[in-house]
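All remarks here apply to the structure that follows.
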Protein chains: 2
Amino acid sequence: MNPEVTEAERVAKDAVSQHKTLIIVGKCSVYYLGRAKSKLEPGERILIVKEDGSLLVHRSVGYEPVNWQPPGCIFHVHVKDNLLEVHAVRQKPPESVRVLFDKIQMVFAMSLDDTGEFSLYASEEDMHKAILLKPSLLEDGFRPISYEKKIEPGFVDVYGVDRDGKLVVVEVKRKTAGKEAVIQLAKYIEAIRGKADRKVRGILVAPSIAKDVQRLLATLGLEFKHLDPKKCAETLRRAETKKLDEFFKET
Amino acid sequence: MNPEVTEAERVAKDAVSQHKTLIIVGKCSVYYLGRAKSKLEPGERILIVKEDGSLLVHRSVGYEPVNWQPPGCIFHVHVKDNLLEVHAVRQKPPESVRVLFDKIQMVFAMSLDDTGEFSLYASEEDMHKAILLKPSLLEDGFRPISYEKKIEPGFVDVYGVDRDGKLVVVEVKRKTAGKEAVIQLAKYIEAIRGKADRKVRGILVAPSIAKDVQRLLATLGLEFKHLDPKKCAETLRRAETKKLDEFFKET
């Protein structure tokens with residue numbers, strides 16, 4: 001703890017040259033120059049340089065990094081006037097982040113051994129919720145009206161109106177949709193067509209559809225929309241962190 | 001380095017009870033349960049618990065956290081079967097992240113002293129670029145055609161078509177727009193109206209407009225659109241990290 005600047009320099013140089021994960025906690029300023037320009041006045045923060053050449057600067061609060069760079073940065077580490085500078089450079093587009101430490105509380109470097117798989121799970125009900133939350137998952141302009149709505153012979157998963165005002169009946173499966181799913185959807189459409197005063201579309205939503213039922217689907221005038229349960233899970237997960245979205249989504 | 005699990009437990013308990021920043025590097029599994037469900041198989045990672053109760057789990061590659069929680073989590077730390085568990089709980093919505101370490105390489109806790117201001121800067125030219133990159137900054141449906149286009153008596157900042165097919169001439173100022181800006185815009189509009197075969201709108205874009213010229217703007221039939229240079233800087237900054245956006249923007 002509290003290493004000398006020169007000791008931190010040695011560890012940091014070794015880390016970036018050997019593509020280790022580097023963590024430095026200390027008092028620093030951060031200067032970004034690229035398509036815009038930013039400056040972070042001195043304060044104690046966490047710098048993380050990852051093994052793929054990405055960079056994060058985290059403050060003591062907020063789950064967003066205050067500065068970051070995607071993978072592929074080239075790093076230059078040196079000490080000047082008793083300041084440790086970690087300088088990350090990207091060529092395309094030209095971007096530069098300079099982190100200047102004048103006091104170092106902790107420096108840590110190590111190759112992290114990490115091959116563990118990340119798996120995200122969503123139930124069929126989660127998929128319904130995700131579509132309600134973000135109707136564009138189904139298609140642009142879709143407006144949901146109801147879900148899990150009782151329509152003989154059962155319950156329609158999601159029910160709404162498309163951009164042209166047509167009714168849309170959605171049947172959701174979390175695995176490859178087979179013959180039963182197609183027939184089930186056809187039955188709902190039939191029941192609704194009798195009563196509706198406008199055109200009705202039936203959309204089968206699933207990560208994939210069995211090859212041998214694609215023709216049946218087409219014959220019945222139904223549509224298929226690819227949707228991954230994982231994407232739904234992410235949508236639900238993200239929906240809870242609006243502020244994070246706001247921070248990052250400014251494209 | 002390489003602290004015992006019980007020593008890490010002591011540091012982590014102290015950190016979360018005193019709202020310090022906590023960093024643990026070690027081999028862990030991560031289980032998330034909330035609106036969706038996820039599991040991260042064992043591997044060496046960085047856990048950060050911040051002073052506001054936010055949580056981040058970072059892998060050795062990628063600038064996105066693999067798991068995270070926004071501020072306000074309640075933390076429970078304990079050791080069971082020689083595993084250190086850091087458990088973050090949110091009430092609304094109910095969410096839980098469990099990080100289970102079976103080997104710890106480093107543990108660090110400290111109150112970070114950080115009041116340094118973050119400032120993001122965009123020039124007027126950056127503001128033009130931001131509008132070109134994300135035309136909805138001006139208004140939905142706007143399609144830019146050209147920028148810094150020579151039109152006597154000078155150069156029009158941004159030039160395009162609105163959703164109704166009207167021509168739009170945009171004058172951008174990075175500070176409060178005054179009388180000269182309004183008159184400048186009016187001159188362009190006048191020059192273009194003589195030649196154009198359709199309606200022409202003039203929009204003055206700036207962080208604010210001087211009170212005493214609002215009437216002049218209205219009299220000349222021009223419009224004002226509030227736009228912060230900082231927002232433009234963020235837009236440009238984000239545009240370069242598309243992958244990060246993709247990761248976070250799933251609302």
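Letters for chains follow the order of the structure tokens (A, B, ...), residue numbers begin at 1 for each chain, and ligand numbers begin at 1 in the order shown.
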*What residues in chain A have any atom no more than 6 Å from chain B when counting only C-alpha atoms, and can you write them as a PyMOL selection string?*
chain A and resi 35-44+50-52+54+60-61+63+70+112-114+116-122+233+235-236+238-239+245+248-251
_List the spatial neighbours of Leu216 in chain B as a PyMOL selection string - criterion: any atom at most 12 Å away, only C-alpha atoms, same-chain residues fewer than 2 positions off excluded._
chain B and resi 178-183+185-186+209-214+218-224
Just write the chosen residues, N, CA and C atoms, as a short mmCIF file (atom, residue, chain, number, x, y, z; two decimals), in the first residue's frame.
```
data_model
loop_
_atom_site.label_atom_id
_atom_site.label_comp_id
_atom_site.auth_asym_id
_atom_site.auth_seq_id
_atom_site.Cartn_x
_atom_site.Cartn_y
_atom_site.Cartn_z
N GLY B 178 -27.50 35.88 -29.25
CA GLY B 178 -27.92 37.28 -29.16
C GLY B 178 -28.50 37.77 -30.48
N LYS B 179 -28.60 39.07 -30.56
CA LYS B 179 -29.22 39.71 -31.71
C LYS B 179 -28.53 39.37 -33.04
N GLU B 180 -27.16 39.38 -33.01
CA GLU B 180 -26.42 39.14 -34.26
C GLU B 180 -26.76 37.77 -34.84
N ALA B 181 -26.87 36.77 -33.95
CA ALA B 181 -27.17 35.41 -34.41
C ALA B 181 -28.53 35.38 -35.11
N VAL B 182 -29.49 36.08 -34.52
CA VAL B 182 -30.84 36.10 -35.10
C VAL B 182 -30.81 36.77 -36.47
N ILE B 183 -30.12 37.89 -36.55
CA ILE B 183 -30.05 38.63 -37.81
C ILE B 183 -29.31 37.84 -38.88
N LEU B 185 -29.09 34.59 -39.12
CA LEU B 185 -29.98 33.51 -39.58
C LEU B 185 -31.04 34.08 -40.53
N ALA B 186 -31.59 35.24 -40.16
CA ALA B 186 -32.63 35.86 -40.99
C ALA B 186 -32.10 36.17 -42.39
N ILE B 209 -31.11 31.66 -25.24
CA ILE B 209 -31.28 32.82 -26.11
C ILE B 209 -31.50 34.06 -25.23
N ALA B 210 -30.89 35.17 -25.61
CA ALA B 210 -31.04 36.40 -24.83
C ALA B 210 -32.51 36.81 -24.80
N LYS B 211 -32.96 37.24 -23.63
CA LYS B 211 -34.39 37.56 -23.45
C LYS B 211 -34.87 38.61 -24.44
N ASP B 212 -34.03 39.63 -24.65
CA ASP B 212 -34.46 40.77 -25.46
C ASP B 212 -34.52 40.50 -26.96
N VAL B 213 -34.09 39.29 -27.39
CA VAL B 213 -34.17 39.01 -28.83
C VAL B 213 -35.23 37.96 -29.15
N GLN B 214 -35.92 37.47 -28.13
CA GLN B 214 -36.95 36.45 -28.37
C GLN B 214 -38.07 37.01 -29.24
N ALA B 218 -39.31 35.83 -33.04
CA ALA B 218 -40.70 35.51 -33.36
C ALA B 218 -41.21 36.36 -34.53
N THR B 219 -40.87 37.64 -34.49
CA THR B 219 -41.30 38.56 -35.55
C THR B 219 -40.77 38.11 -36.91
N LEU B 220 -39.54 37.61 -36.91
CA LEU B 220 -38.91 37.19 -38.17
C LEU B 220 -39.36 35.78 -38.58
N GLY B 221 -40.21 35.17 -37.76
CA GLY B 221 -40.72 33.83 -38.08
C GLY B 221 -39.68 32.74 -37.93
N LEU B 222 -38.71 32.99 -37.05
CA LEU B 222 -37.65 32.00 -36.83
C LEU B 222 -37.93 31.21 -35.55
N GLU B 223 -37.22 30.08 -35.39
CA GLU B 223 -37.44 29.22 -34.22
C GLU B 223 -36.17 29.11 -33.39
N PHE B 224 -36.35 28.76 -32.13
CA PHE B 224 -35.21 28.53 -31.25
C PHE B 224 -35.24 27.10 -30.74
#
```
Secondary structure check, strand (DSSP E) residues of range 1-245 of chain A, as a short mmCIF file (atom, residue, chain, number, x, y, z; two decimals) with C-alpha atoms, in the first residue's frame:
```
data_model
loop_
_atom_site.label_atom_id
_atom_site.label_comp_id
_atom_site.auth_asym_id
_atom_site.auth_seq_id
_atom_site.Cartn_x
_atom_site.Cartn_y
_atom_site.Cartn_z
CA THR A 21 -4.84 -6.30 -15.77
CA LEU A 22 -3.68 -3.16 -13.98
CA ILE A 23 -5.45 -1.41 -11.13
CA ILE A 24 -4.22 1.87 -9.68
CA VAL A 25 -5.98 3.76 -6.90
CA GLY A 26 -4.72 7.26 -6.31
CA LYS A 27 -5.18 10.97 -6.67
CA CYS A 28 -5.27 11.83 -10.34
CA SER A 29 -6.40 14.22 -13.05
CA VAL A 30 -7.74 12.92 -16.35
CA TYR A 31 -7.56 14.60 -19.74
CA TYR A 32 -9.45 13.28 -22.73
CA LEU A 33 -8.93 14.54 -26.23
CA LYS A 37 -12.58 17.17 -25.06
CA SER A 38 -12.90 16.61 -21.34
CA LYS A 39 -11.05 17.35 -18.17
CA LEU A 40 -11.40 15.79 -14.75
CA GLU A 41 -9.97 17.84 -11.90
CA PRO A 42 -7.82 16.07 -9.25
CA GLY A 43 -9.39 13.52 -6.94
CA GLU A 44 -8.91 9.95 -5.72
CA ARG A 45 -10.10 7.38 -8.25
CA ILE A 46 -9.69 3.88 -9.56
CA LEU A 47 -7.93 3.32 -12.87
CA ILE A 48 -8.34 -0.05 -14.53
CA VAL A 49 -6.39 -1.04 -17.63
CA LEU A 55 -9.41 1.60 -19.93
CA LEU A 56 -11.79 2.67 -17.19
CA VAL A 57 -11.60 5.48 -14.66
CA HIS A 58 -14.08 5.09 -11.82
CA ASN A 67 -13.64 8.15 -18.52
CA TRP A 68 -13.17 5.05 -20.60
CA GLN A 69 -11.70 3.71 -23.77
CA ILE A 74 -1.69 1.61 -26.80
CA PHE A 75 -0.34 2.60 -23.39
CA HIS A 76 2.58 4.77 -22.46
CA VAL A 77 3.64 4.89 -18.83
CA HIS A 78 6.19 7.29 -17.45
CA VAL A 79 7.08 9.48 -14.50
CA LYS A 80 7.77 13.18 -14.90
CA LEU A 83 3.76 12.47 -11.51
CA LEU A 84 2.91 9.02 -12.87
CA GLU A 85 1.28 9.34 -16.26
CA VAL A 86 -0.68 6.53 -17.85
CA HIS A 87 -1.44 7.60 -21.39
CA ALA A 88 -3.85 5.59 -23.55
CA VAL A 89 -3.84 6.28 -27.28
CA ARG A 90 -6.15 5.10 -30.03
CA GLU A 95 -8.23 9.67 -29.13
CA SER A 96 -6.07 10.15 -26.12
CA VAL A 97 -6.68 9.73 -22.40
CA ARG A 98 -4.04 10.91 -19.97
CA VAL A 99 -4.32 9.88 -16.33
CA LEU A 100 -1.86 11.75 -14.13
CA PHE A 101 -1.33 10.51 -10.59
CA ASP A 102 0.39 12.65 -8.01
CA LYS A 103 -0.32 10.26 -5.14
CA ILE A 104 -0.78 6.52 -5.30
CA GLN A 105 -2.64 4.51 -2.71
CA MET A 106 -2.51 1.14 -4.38
CA VAL A 107 -1.18 -0.51 -7.48
CA PHE A 108 -1.98 -4.05 -8.53
CA ALA A 109 -1.20 -6.01 -11.68
CA MET A 110 -2.00 -9.57 -12.60
CA PHE A 118 -21.84 -15.92 -18.65
CA SER A 119 -25.40 -17.08 -19.15
CA LEU A 120 -28.49 -14.98 -19.06
CA TYR A 121 -31.90 -16.56 -18.74
CA ARG A 143 -48.14 -0.65 -29.75
CA PRO A 144 -49.12 -3.33 -27.24
CA ILE A 145 -52.69 -3.22 -25.92
CA SER A 146 -52.85 -6.22 -23.65
CA TYR A 147 -51.03 -9.38 -22.68
CA GLU A 148 -51.90 -12.84 -21.45
CA LYS A 149 -55.40 -12.00 -22.64
CA LYS A 150 -58.04 -14.70 -22.53
CA ILE A 151 -59.19 -15.52 -26.04
CA GLY A 154 -56.58 -20.02 -24.36
CA PHE A 155 -54.54 -16.92 -23.61
CA VAL A 156 -52.92 -14.70 -26.19
CA ASP A 157 -49.37 -13.82 -25.13
CA VAL A 158 -49.26 -10.25 -26.43
CA TYR A 159 -51.86 -8.33 -28.34
CA GLY A 160 -51.54 -4.94 -30.01
CA VAL A 161 -51.72 -2.73 -33.07
CA LEU A 167 -54.39 -5.92 -35.00
CA VAL A 168 -51.36 -8.00 -34.08
CA VAL A 169 -51.55 -11.24 -32.15
CA VAL A 170 -48.22 -12.46 -30.80
CA GLU A 171 -47.38 -15.98 -29.71
CA VAL A 172 -44.06 -16.27 -27.85
CA VAL A 200 -55.38 -9.21 -38.13
CA ARG A 201 -51.75 -10.30 -38.26
CA GLY A 202 -50.34 -13.26 -36.38
CA ILE A 203 -46.69 -13.19 -35.40
CA LEU A 204 -44.85 -16.14 -33.93
CA VAL A 205 -41.94 -14.93 -31.81
CA ALA A 206 -39.15 -17.35 -30.95
CA GLU A 223 -45.33 -14.37 -39.74
CA PHE A 224 -42.21 -15.31 -37.84
CA LYS A 225 -40.06 -12.91 -35.81
CA HIS A 226 -36.70 -13.99 -34.46
#
```
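Across the model, the gap from CA of Lys13 in chain A to CA of Gln91 in chain A is 20.5 Å.
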_Taking the DSSP secondary structure from the backbone, can you list the residues of range 10-249 of chain B that are helix (DSSP H, G or I), as a PyMOL selection string?_
chain B and resi 10-17+124-133+135-137+179-195+211-219+229-239+242-248
